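Data block for start-v9.cif (mmCIF, C-alpha atoms):
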```
data_run
loop_
_atom_site.group_PDB
_atom_site.id
_atom_site.type_symbol
_atom_site.label_atom_id
_atom_site.label_comp_id
_atom_site.auth_asym_id
_atom_site.auth_seq_id
_atom_site.Cartn_x
_atom_site.Cartn_y
_atom_site.Cartn_z
ATOM 1 C CA MET A 30 0.000 0.000 0.000
ATOM 2 C CA SER A 31 1.408 3.380 -0.938
ATOM 3 C CA SER A 32 1.643 6.157 1.621
ATOM 4 C CA PRO A 33 -0.791 9.080 1.252
ATOM 5 C CA TYR A 34 1.995 11.461 2.238
ATOM 6 C CA PRO A 35 4.704 12.774 -0.106
ATOM 7 C CA SER A 36 8.284 11.849 0.687
ATOM 8 C CA GLU A 37 9.800 14.776 -1.249
ATOM 9 C CA PRO A 38 8.615 18.374 -1.817
ATOM 10 C CA TYR A 39 8.075 19.972 -5.189
ATOM 11 C CA TRP A 40 10.415 22.735 -6.315
ATOM 12 C CA SER A 41 8.764 25.764 -7.913
ATOM 13 C CA THR A 42 10.292 27.925 -10.628
ATOM 14 C CA ARG A 43 10.802 30.631 -7.997
ATOM 15 C CA GLY A 44 13.119 28.364 -6.028
ATOM 16 C CA VAL A 45 10.721 28.022 -3.092
ATOM 17 C CA THR A 46 9.958 24.625 -1.661
ATOM 18 C CA GLU A 47 6.306 23.703 -2.132
ATOM 19 C CA TYR A 48 4.524 20.608 -0.897
ATOM 20 C CA PRO A 49 1.864 18.922 -3.017
ATOM 21 C CA PRO A 50 -1.660 18.677 -1.627
ATOM 22 C CA VAL A 51 -2.165 15.638 0.561
ATOM 23 C CA GLU A 52 -5.117 13.679 1.785
ATOM 24 C CA VAL A 53 -4.714 13.708 5.550
ATOM 25 C CA LEU A 54 -6.277 10.527 6.853
ATOM 26 C CA PRO A 55 -7.707 10.508 10.372
ATOM 27 C CA PRO A 56 -5.548 8.613 12.883
ATOM 28 C CA PRO A 57 -6.673 5.065 13.588
ATOM 29 C CA SER A 58 -8.163 4.467 17.004
ATOM 30 C CA MET A 59 -5.821 3.038 19.618
ATOM 31 C CA PRO A 60 -6.644 -0.541 20.674
ATOM 32 C CA ARG A 61 -8.201 -0.871 24.120
ATOM 33 C CA GLN A 62 -5.502 -0.483 26.751
ATOM 34 C CA ARG A 63 -4.732 -3.015 29.433
ATOM 35 C CA VAL A 64 -4.276 -0.666 32.356
ATOM 36 C CA TRP A 65 -3.259 -3.520 34.625
ATOM 37 C CA LEU A 66 -0.209 -4.158 32.419
ATOM 38 C CA HIS A 67 0.959 -0.530 32.671
ATOM 39 C CA VAL A 68 0.527 -0.611 36.462
ATOM 40 C CA LEU A 69 2.342 -3.950 36.773
ATOM 41 C CA LEU A 70 5.303 -2.778 34.689
ATOM 42 C CA PHE A 71 5.515 0.427 36.730
ATOM 43 C CA LEU A 72 5.525 -1.498 40.026
ATOM 44 C CA LEU A 73 8.192 -3.892 38.729
ATOM 45 C CA THR A 74 10.273 -0.902 37.617
ATOM 46 C CA ILE A 75 9.999 0.583 41.103
ATOM 47 C CA LEU A 76 11.435 -2.655 42.506
ATOM 48 C CA SER A 77 14.208 -2.908 39.907
ATOM 49 C CA THR A 78 15.343 0.709 40.335
ATOM 50 C CA MET A 79 15.245 0.391 44.139
ATOM 51 C CA THR A 80 17.407 -2.710 43.844
ATOM 52 C CA VAL A 81 20.027 -0.725 41.934
ATOM 53 C CA GLY A 82 20.028 2.642 43.726
ATOM 54 C CA GLY A 83 17.666 2.613 46.701
ATOM 55 C CA ALA A 84 14.349 4.342 47.373
ATOM 56 C CA MET A 85 15.544 7.930 46.855
ATOM 57 C CA PHE A 86 17.103 7.109 43.486
ATOM 58 C CA ALA A 87 14.031 5.172 42.365
ATOM 59 C CA ALA A 88 11.666 7.986 43.369
ATOM 60 C CA GLY A 89 13.760 10.615 41.587
ATOM 61 C CA LEU A 90 14.367 8.712 38.363
ATOM 62 C CA LEU A 91 10.816 7.406 37.995
ATOM 63 C CA SER A 92 9.416 10.883 38.636
ATOM 64 C CA ILE A 93 11.547 12.220 35.769
ATOM 65 C CA LEU A 94 10.634 9.367 33.417
ATOM 66 C CA THR A 95 6.941 9.652 34.303
ATOM 67 C CA ALA A 96 6.941 13.409 33.673
ATOM 68 C CA HIS A 97 8.716 12.863 30.347
ATOM 69 C CA GLU A 98 6.272 10.268 29.065
ATOM 70 C CA PHE A 99 3.151 12.064 30.261
ATOM 71 C CA GLY A 100 4.449 15.211 28.585
ATOM 72 C CA HIS A 101 4.201 13.309 25.306
ATOM 73 C CA TYR A 102 0.892 11.724 26.344
ATOM 74 C CA PHE A 103 -1.000 14.931 27.121
ATOM 75 C CA ALA A 104 0.411 16.753 24.074
ATOM 76 C CA ALA A 105 -0.748 13.886 21.845
ATOM 77 C CA ARG A 106 -4.186 13.903 23.447
ATOM 78 C CA TRP A 107 -4.373 17.686 22.871
ATOM 79 C CA TYR A 108 -4.003 17.118 19.130
ATOM 80 C CA GLY A 109 -6.346 14.130 19.077
ATOM 81 C CA VAL A 110 -3.563 11.649 18.242
ATOM 82 C CA PRO A 111 -4.295 8.199 19.694
ATOM 83 C CA VAL A 112 -1.690 7.386 22.320
ATOM 84 C CA SER A 113 -1.156 4.745 24.978
ATOM 85 C CA LEU A 114 -0.249 5.110 28.620
ATOM 86 C CA PRO A 115 3.505 4.742 29.314
ATOM 87 C CA TYR A 116 5.100 1.310 29.291
ATOM 88 C CA PHE A 117 7.943 1.151 31.832
ATOM 89 C CA ILE A 118 10.719 -1.381 31.277
ATOM 90 C CA PRO A 119 12.139 -2.965 34.440
ATOM 91 C CA PHE A 120 15.695 -4.248 34.023
ATOM 92 C CA PRO A 121 17.598 -4.739 37.322
ATOM 93 C CA PHE A 122 20.797 -5.758 35.509
ATOM 94 C CA SER A 123 21.391 -2.273 34.053
ATOM 95 C CA LEU A 124 23.074 0.783 35.588
ATOM 96 C CA PHE A 125 19.722 2.474 36.252
ATOM 97 C CA GLY A 126 17.602 -0.601 36.977
ATOM 98 C CA THR A 127 15.416 0.185 33.975
ATOM 99 C CA LEU A 128 15.636 0.587 30.219
ATOM 100 C CA GLY A 129 13.353 3.604 30.426
ATOM 101 C CA ALA A 130 9.768 3.954 29.261
ATOM 102 C CA PHE A 131 7.876 4.525 26.042
ATOM 103 C CA ILE A 132 4.417 5.235 24.706
ATOM 104 C CA ARG A 133 2.656 3.833 21.662
ATOM 105 C CA MET A 134 1.304 6.517 19.374
ATOM 106 C CA SER A 135 -0.353 6.664 15.979
ATOM 107 C CA PRO A 136 2.206 7.425 13.239
ATOM 108 C CA ARG A 137 -0.336 9.700 11.538
ATOM 109 C CA ILE A 138 0.579 13.089 12.977
ATOM 110 C CA PRO A 139 -1.675 15.772 11.411
ATOM 111 C CA HIS A 140 0.990 18.445 10.796
ATOM 112 C CA ARG A 141 4.481 19.572 11.737
ATOM 113 C CA ARG A 142 3.280 21.814 14.591
ATOM 114 C CA ALA A 143 1.694 18.829 16.296
ATOM 115 C CA LEU A 144 4.802 16.736 15.649
ATOM 116 C CA PHE A 145 6.995 19.428 17.208
ATOM 117 C CA ASP A 146 4.796 19.997 20.261
ATOM 118 C CA ILE A 147 4.387 16.306 21.043
ATOM 119 C CA ALA A 148 8.133 15.682 20.701
ATOM 120 C CA ALA A 149 9.266 18.704 22.732
ATOM 121 C CA ALA A 150 6.780 18.226 25.574
ATOM 122 C CA GLY A 151 8.504 15.093 26.900
ATOM 123 C CA PRO A 152 12.101 16.348 27.333
ATOM 124 C CA LEU A 153 10.887 19.697 28.709
ATOM 125 C CA ALA A 154 8.644 18.046 31.310
ATOM 126 C CA GLY A 155 11.382 15.643 32.394
ATOM 127 C CA LEU A 156 13.993 18.398 32.636
ATOM 128 C CA VAL A 157 11.724 20.472 34.892
ATOM 129 C CA LEU A 158 12.302 17.764 37.523
ATOM 130 C CA ALA A 159 15.823 16.682 36.555
ATOM 131 C CA ILE A 160 17.331 20.138 37.225
ATOM 132 C CA PRO A 161 16.094 20.636 40.821
ATOM 133 C CA PHE A 162 16.673 16.960 41.683
ATOM 134 C CA SER A 163 20.259 17.279 40.445
ATOM 135 C CA TYR A 164 20.896 20.468 42.403
ATOM 136 C CA VAL A 165 19.436 19.201 45.674
ATOM 137 C CA GLY A 166 21.228 15.877 45.237
ATOM 138 C CA ILE A 167 24.539 17.614 44.548
ATOM 139 C CA THR A 168 24.194 19.668 47.747
ATOM 140 C CA LEU A 169 23.712 16.383 49.630
ATOM 141 C CA SER A 170 26.674 14.713 47.905
ATOM 142 C CA ALA A 171 29.961 14.181 49.739
ATOM 143 C CA MET A 172 33.195 15.838 48.617
ATOM 144 C CA VAL A 173 36.021 13.290 48.843
ATOM 145 C CA ARG A 174 39.633 13.056 47.774
ATOM 146 C CA LYS A 175 40.024 11.111 44.542
ATOM 147 C CA ASP A 176 42.674 8.861 46.038
ATOM 148 C CA ALA A 177 40.195 7.932 48.797
ATOM 149 C CA LEU A 178 37.505 6.700 46.392
ATOM 150 C CA PRO A 179 36.801 2.952 46.490
ATOM 151 C CA GLY A 180 37.987 0.931 43.515
ATOM 152 C CA ASN A 181 34.533 -0.099 42.317
ATOM 153 C CA VAL A 182 33.283 3.474 41.750
ATOM 154 C CA ILE A 183 31.812 4.252 38.321
ATOM 155 C CA THR A 184 32.980 7.583 36.911
ATOM 156 C CA LEU A 185 30.253 9.544 35.158
ATOM 157 C CA GLY A 186 30.761 12.089 32.425
ATOM 158 C CA GLU A 187 29.613 15.567 33.447
ATOM 159 C CA PRO A 188 27.395 17.391 30.973
ATOM 160 C CA LEU A 189 27.676 21.174 31.058
ATOM 161 C CA LEU A 190 24.361 21.617 32.869
ATOM 162 C CA PHE A 191 25.352 19.190 35.626
ATOM 163 C CA GLN A 192 28.737 20.898 35.960
ATOM 164 C CA GLY A 193 27.044 24.261 36.312
ATOM 165 C CA LEU A 194 24.748 22.995 39.065
ATOM 166 C CA GLY A 195 27.778 21.508 40.821
ATOM 167 C CA TRP A 196 29.536 24.882 40.716
ATOM 168 C CA LEU A 197 26.451 26.617 42.149
ATOM 169 C CA ALA A 198 26.255 24.095 44.992
ATOM 170 C CA HIS A 199 29.932 23.689 45.924
ATOM 171 C CA GLY A 200 31.921 26.206 43.925
ATOM 172 C CA SER A 201 35.125 25.118 42.193
ATOM 173 C CA LEU A 202 36.429 21.774 43.439
ATOM 174 C CA GLY A 203 40.149 21.153 43.771
ATOM 175 C CA GLU A 204 42.004 18.995 41.259
ATOM 176 C CA ASN A 205 42.165 16.063 43.673
ATOM 177 C CA VAL A 206 38.566 16.406 44.891
ATOM 178 C CA ASP A 207 35.511 14.651 43.491
ATOM 179 C CA LEU A 208 31.844 14.290 44.374
ATOM 180 C CA LEU A 209 30.468 10.999 45.648
ATOM 181 C CA LEU A 210 26.954 11.445 44.318
ATOM 182 C CA HIS A 211 23.892 11.232 46.500
ATOM 183 C CA PRO A 212 21.223 8.898 45.027
ATOM 184 C CA LEU A 213 19.031 11.895 44.152
ATOM 185 C CA ALA A 214 21.923 13.524 42.274
ATOM 186 C CA PHE A 215 22.455 10.259 40.400
ATOM 187 C CA ALA A 216 18.758 10.247 39.483
ATOM 188 C CA GLY A 217 19.060 13.821 38.186
ATOM 189 C CA TRP A 218 22.166 12.909 36.184
ATOM 190 C CA ALA A 219 20.314 9.932 34.713
ATOM 191 C CA GLY A 220 17.428 12.249 33.817
ATOM 192 C CA MET A 221 19.800 14.526 31.906
ATOM 193 C CA PHE A 222 21.344 11.511 30.185
ATOM 194 C CA VAL A 223 17.897 10.301 29.098
ATOM 195 C CA THR A 224 17.014 13.815 27.910
ATOM 196 C CA ALA A 225 20.157 14.068 25.758
ATOM 197 C CA LEU A 226 19.642 10.545 24.422
ATOM 198 C CA ASN A 227 16.097 11.338 23.349
ATOM 199 C CA LEU A 228 17.116 14.650 21.780
ATOM 200 C CA LEU A 229 19.550 13.067 19.337
ATOM 201 C CA PRO A 230 18.164 14.332 15.982
ATOM 202 C CA ILE A 231 17.855 10.859 14.494
ATOM 203 C CA GLY A 232 14.901 8.798 13.293
ATOM 204 C CA GLN A 233 11.960 8.394 15.661
ATOM 205 C CA LEU A 234 13.694 9.842 18.716
ATOM 206 C CA ASP A 235 12.252 13.077 20.118
ATOM 207 C CA GLY A 236 15.153 14.958 18.550
ATOM 208 C CA GLY A 237 14.371 13.339 15.208
ATOM 209 C CA HIS A 238 10.776 14.588 15.411
ATOM 210 C CA ILE A 239 11.937 18.098 16.330
ATOM 211 C CA SER A 240 14.572 18.146 13.590
ATOM 212 C CA HIS A 241 12.015 17.066 10.971
ATOM 213 C CA SER A 242 9.588 19.730 12.194
ATOM 214 C CA LEU A 243 12.290 22.382 11.788
ATOM 215 C CA PHE A 244 14.037 21.274 8.595
ATOM 216 C CA GLY A 245 11.536 19.087 6.742
ATOM 217 C CA PHE A 246 13.079 16.556 4.384
ATOM 218 C CA ARG A 247 16.528 18.083 5.030
ATOM 219 C CA SER A 248 16.410 16.556 8.526
ATOM 220 C CA ARG A 249 17.728 13.347 6.977
ATOM 221 C CA GLN A 250 21.048 15.102 6.356
ATOM 222 C CA VAL A 251 21.210 16.117 10.024
ATOM 223 C CA ALA A 252 20.388 12.565 11.115
ATOM 224 C CA LEU A 253 22.977 10.966 8.851
ATOM 225 C CA GLY A 254 25.597 13.496 9.983
ATOM 226 C CA ILE A 255 25.053 12.840 13.706
ATOM 227 C CA PHE A 256 24.773 9.078 13.203
ATOM 228 C CA GLY A 257 27.963 8.992 11.112
ATOM 229 C CA SER A 258 29.858 11.178 13.594
ATOM 230 C CA LEU A 259 29.001 8.922 16.531
ATOM 231 C CA ALA A 260 29.909 5.840 14.504
ATOM 232 C CA VAL A 261 33.273 7.292 13.462
ATOM 233 C CA TYR A 262 34.020 8.399 17.023
ATOM 234 C CA SER A 263 33.192 4.920 18.342
ATOM 235 C CA ILE A 264 35.501 3.248 15.840
ATOM 236 C CA ILE A 265 38.442 5.662 16.005
ATOM 237 C CA GLY A 266 38.264 6.153 19.764
ATOM 238 C CA GLN A 267 37.547 2.459 20.375
ATOM 239 C CA ASN A 268 34.753 3.552 22.682
ATOM 240 C CA TYR A 269 31.686 1.437 22.078
ATOM 241 C CA THR A 270 29.320 3.146 24.537
ATOM 242 C CA TRP A 271 27.098 4.287 21.672
ATOM 243 C CA LEU A 272 27.235 1.063 19.672
ATOM 244 C CA PRO A 273 24.013 -0.574 21.027
ATOM 245 C CA LEU A 274 22.037 2.618 20.351
ATOM 246 C CA LEU A 275 23.519 3.036 16.860
ATOM 247 C CA VAL A 276 22.603 -0.545 15.968
ATOM 248 C CA LEU A 277 19.061 -0.039 17.281
ATOM 249 C CA LEU A 278 18.637 3.231 15.369
ATOM 250 C CA PHE A 279 19.958 1.624 12.194
ATOM 251 C CA VAL A 280 17.393 -1.171 12.489
ATOM 252 C CA ILE A 281 14.496 1.161 13.310
ATOM 253 C CA GLY A 282 15.504 3.724 10.704
ATOM 254 C CA ILE A 283 17.717 6.804 10.651
ATOM 255 C CA ARG A 284 15.457 8.937 8.467
ATOM 256 C CA HIS A 285 12.197 10.459 9.664
ATOM 257 C CA PRO A 286 8.937 9.826 7.782
ATOM 258 C CA PRO A 287 6.821 12.843 6.750
ATOM 259 C CA SER A 288 3.943 14.149 8.843
ATOM 260 C CA GLY A 289 0.454 14.627 7.453
ATOM 261 C CA ASP A 290 1.238 18.176 6.314
ATOM 262 C CA ASP A 291 4.931 19.055 6.174
ATOM 263 C CA GLY A 292 4.121 22.251 4.296
ATOM 264 C CA SER A 293 2.285 23.919 7.176
ATOM 265 C CA PRO A 294 4.253 26.789 8.800
ATOM 266 C CA LEU A 295 5.921 26.054 12.121
ATOM 267 C CA GLY A 296 5.895 29.647 13.362
ATOM 268 C CA GLN A 297 8.564 31.836 14.922
ATOM 269 C CA GLY A 298 7.747 30.817 18.497
ATOM 270 C CA ARG A 299 8.249 27.121 17.820
ATOM 271 C CA THR A 300 11.368 27.833 15.776
ATOM 272 C CA LEU A 301 12.900 29.666 18.745
ATOM 273 C CA LEU A 302 11.833 26.824 21.034
ATOM 274 C CA GLY A 303 13.534 24.444 18.616
ATOM 275 C CA VAL A 304 16.766 26.415 19.077
ATOM 276 C CA LEU A 305 16.299 26.094 22.850
ATOM 277 C CA MET A 306 15.839 22.325 22.483
ATOM 278 C CA GLY A 307 19.143 22.217 20.601
ATOM 279 C CA ILE A 308 20.831 24.099 23.450
ATOM 280 C CA ILE A 309 19.297 21.687 25.984
ATOM 281 C CA PHE A 310 20.725 18.781 24.006
ATOM 282 C CA VAL A 311 24.208 20.320 24.042
ATOM 283 C CA VAL A 312 24.238 21.084 27.794
ATOM 284 C CA CYS A 313 22.835 17.641 28.731
ATOM 285 C CA PHE A 314 25.018 15.615 26.351
ATOM 286 C CA SER A 315 28.218 13.860 27.340
ATOM 287 C CA LEU A 316 30.271 12.144 24.642
ATOM 288 C CA VAL A 317 31.655 9.666 27.202
ATOM 289 C CA PRO A 318 28.815 9.328 29.722
ATOM 290 C CA ILE A 319 30.196 6.363 31.683
ATOM 291 C CA ARG A 320 33.737 5.247 32.483
ATOM 292 C CA LEU A 321 34.060 1.885 34.219
#
```

Transcribe the structure of this file into structure tokens.
Amino acid sequence: MSSPYPSEPYWSTRGVTEYPPVEVLPPPSMPRQRVWLHVLLFLLTILSTMTVGGAMFAAGLLSILTAHEFGHYFAARWYGVPVSLPYFIPFPFSLFGTLGAFIRMSPRIPHRRALFDIAAAGPLAGLVLAIPFSYVGITLSAMVRKDALPGNVITLGEPLLFQGLGWLAHGSLGENVDLLLHPLAFAGWAGMFVTALNLLPIGQLDGGHISHSLFGFRSRQVALGIFGSLAVYSIIGQNYTWLPLLVLLFVIGIRHPPSGDDGSPLGQGRTLLGVLMGIIFVVCFSLVPIRL
């Protein structure tokens, strides 16, 4: 079956990109949800995250993930796009005790404004909690000499935003001083990591949706550039932190499909917010997030 949406724009004789008229089909209705399954997965994720980092860590991280997913959920409902409740993924054998959460949503997004709003709502909602959790957790963290750290400590990369909050809380640390993170600070750091991960402008990630809303079909060039850069870095630097994600994105798809109406104007306000989302990605991103 052919798609009702165009994959490429027309080019007019005036050099302006024009999109052909499309038949925007109404989104299909979402199958009846099994609420008990969502509740069960959430309870199991509480247990798995508590096993890894304790009650304070679990409460902080799950609050951030819940805010993120319900940001998407309510934005989708606002535009009448069928969407499921969040599915949480318990995984006690990972660093965070979970592989995150996701929602199921109709792929038929009516226009690029809706695509942008739904994508941006999640990271913004999660970051509203991740920032204060990080700051409070950092103030509760212990300053220790690096040579006094136990041998099994995991060193975390510090994104610019986390560094800034650390400076506000403790000022400039000495060269031989490090922070032994409080569980709430670790939850905030994990929230920033998840935010940056989702804002990668590739495929069906939140950043991919935002990039397509901003740049249209040219977003594929952005996606291929970021994907290729991470792949080259992983190979040359022999750092395979990003390899599982790159493989997953390659399987799912690097390019973003069109929305129902890619020719509709995004507006100056959303364009400026898109720039802000790019800045959020930069300050939350760490090229080497974890050093064992």

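Running the PyMOL selection byres ((chain A and resi 206) around 10) on this file leaves Met172, Val173, Arg174, Lys175, Asp176, Ala177, Leu178, Ser201, Leu202, Gly203, Glu204, Asn205, Asp207, Leu208 and Leu209 of chain A selected.
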
When distances are computed from only C-alpha atoms, which of A:Gly217, A:Pro230, A:Gly195, A:Gly200 shows the smallest separation from His285 in chain A?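 The closest residue to His285 in chain A is A:Pro230.
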
So, counting only C-alpha atoms, which residue among A:Arg299, A:His97, A:Arg137, A:Arg284 is closest to Arg247 in chain A?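 That would be A:Arg284, the residue with the smallest distance to Arg247 in chain A.
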
Surrounding residues of Leu316 in chain A excluding itself and chain neighbours under 4 positions, 10 Å, all atoms listed in the file, as an mmCIF file with C-alpha atoms, in the coordinates of the input:
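Just written: around27.cif:
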```cif
data_model
loop_
_atom_site.group_PDB
_atom_site.id
_atom_site.type_symbol
_atom_site.label_atom_id
_atom_site.label_comp_id
_atom_site.auth_asym_id
_atom_site.auth_seq_id
_atom_site.Cartn_x
_atom_site.Cartn_y
_atom_site.Cartn_z
ATOM 1 C CA GLY A 186 30.761 12.089 32.425
ATOM 2 C CA GLU A 187 29.613 15.567 33.447
ATOM 3 C CA PRO A 188 27.395 17.391 30.973
ATOM 4 C CA LEU A 259 29.001 8.922 16.531
ATOM 5 C CA TYR A 262 34.020 8.399 17.023
ATOM 6 C CA ASN A 268 34.753 3.552 22.682
ATOM 7 C CA THR A 270 29.320 3.146 24.537
ATOM 8 C CA TRP A 271 27.098 4.287 21.672
#
```

Applying 9 Å and all atoms listed in the file, which residues near range 63-78 of chain A remain after dropping the ones on its own chain fewer than 3 positions away? List them as a tab-separated table (two decimals) with C-alpha atoms, in the coordinates of the input.
```tsv
chain	number	residue	atom	x	y	z
A	81	VAL	CA	20.03	-0.72	41.93
A	82	GLY	CA	20.03	2.64	43.73
A	83	GLY	CA	17.67	2.61	46.70
A	84	ALA	CA	14.35	4.34	47.37
A	86	PHE	CA	17.10	7.11	43.49
A	87	ALA	CA	14.03	5.17	42.36
A	88	ALA	CA	11.67	7.99	43.37
A	90	LEU	CA	14.37	8.71	38.36
A	91	LEU	CA	10.82	7.41	37.99
A	114	LEU	CA	-0.25	5.11	28.62
A	115	PRO	CA	3.50	4.74	29.31
A	116	TYR	CA	5.10	1.31	29.29
A	117	PHE	CA	7.94	1.15	31.83
A	118	ILE	CA	10.72	-1.38	31.28
A	119	PRO	CA	12.14	-2.96	34.44
A	120	PHE	CA	15.70	-4.25	34.02
A	121	PRO	CA	17.60	-4.74	37.32
A	122	PHE	CA	20.80	-5.76	35.51
A	125	PHE	CA	19.72	2.47	36.25
A	126	GLY	CA	17.60	-0.60	36.98
A	127	THR	CA	15.42	0.18	33.98
```

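Minimum atom-to-atom distances from A:Gly254, A:Gly245, A:Gly220, A:Gly129 to Ala154 in chain A were compared using only C-alpha atoms, and the lowest value belongs to A:Gly220.
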
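Atom pair CA of Val280 in chain A / CA of Gly257 in chain A has a distance of 14.7 Å (rounded to one decimal).
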
For Ala260 in chain A, list every protein, DNA or RNA residue within 10 Å, evaluated using all atoms listed in the file, and leave out those in the same chain fewer than 3 positions away; present the list as a list in words. Gly254, Ile255, Phe256, Gly257, Ser263, Ile264, Ile265, Gly266, Asn268, Tyr269, Trp271, Leu272, Leu275 and Val276 of chain A

Output file for the residues above (C-alpha atoms, as a compact mmCIF listing (two decimals), keeping the file's coordinate frame):
```txt
# COMPACT_ATOMS: atom_id res chain seq x y z
CA GLY A 254 25.60 13.50 9.98
CA ILE A 255 25.05 12.84 13.71
CA PHE A 256 24.77 9.08 13.20
CA GLY A 257 27.96 8.99 11.11
CA SER A 263 33.19 4.92 18.34
CA ILE A 264 35.50 3.25 15.84
CA ILE A 265 38.44 5.66 16.00
CA GLY A 266 38.26 6.15 19.76
CA ASN A 268 34.75 3.55 22.68
CA TYR A 269 31.69 1.44 22.08
CA TRP A 271 27.10 4.29 21.67
CA LEU A 272 27.24 1.06 19.67
CA LEU A 275 23.52 3.04 16.86
CA VAL A 276 22.60 -0.55 15.97
```

What box, with edges along x, y and z, holds each listed atom of range 268-280 of chain A when 6 Å is added on every side, and can you state its centre and edge lengths in Å to one decimal, as JSON?
```
{"center_x": 26.1, "center_y": 1.6, "center_z": 18.4, "size_x": 29.4, "size_y": 17.5, "size_z": 24.3}
```

Return the single residue from A:Ala148, A:Val157, A:Met79, A:Val110 that is closest to Leu234 in chain A, with distances computed using all atoms listed in the file.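 Distance minimum relative to Leu234 in chain A lands on A:Ala148.
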
Please indicate the distance in Å from CA of Gly307 in chain A to CA of Leu243 in chain A, rounded to one decimal place.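 Taking CA of Gly307 in chain A as the start and CA of Leu243 in chain A as the end point, the length is 11.2 Å.
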
For Gly151 in chain A, which residue out of A:Ile138, A:Leu185, A:Leu213, A:Leu94 is the nearest one, using only C-alpha atoms?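 Of A:Ile138, A:Leu185, A:Leu213, A:Leu94, the one nearest Gly151 in chain A, counting only C-alpha atoms, is A:Leu94.
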
Point (15.8, 7.7, 15.3) neighbourhood (7 Å, all atoms listed in the file) written as number ranges by chain: A: 231-234, 237, 278, 281-284

Distance criterion (all atoms listed in the file): nearest to Phe191 in chain A out of A:Ile160, A:Leu210, A:Leu295, A:Leu144: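 Of A:Ile160, A:Leu210, A:Leu295, A:Leu144, the one nearest Phe191 in chain A, counting all atoms listed in the file, is A:Ile160.
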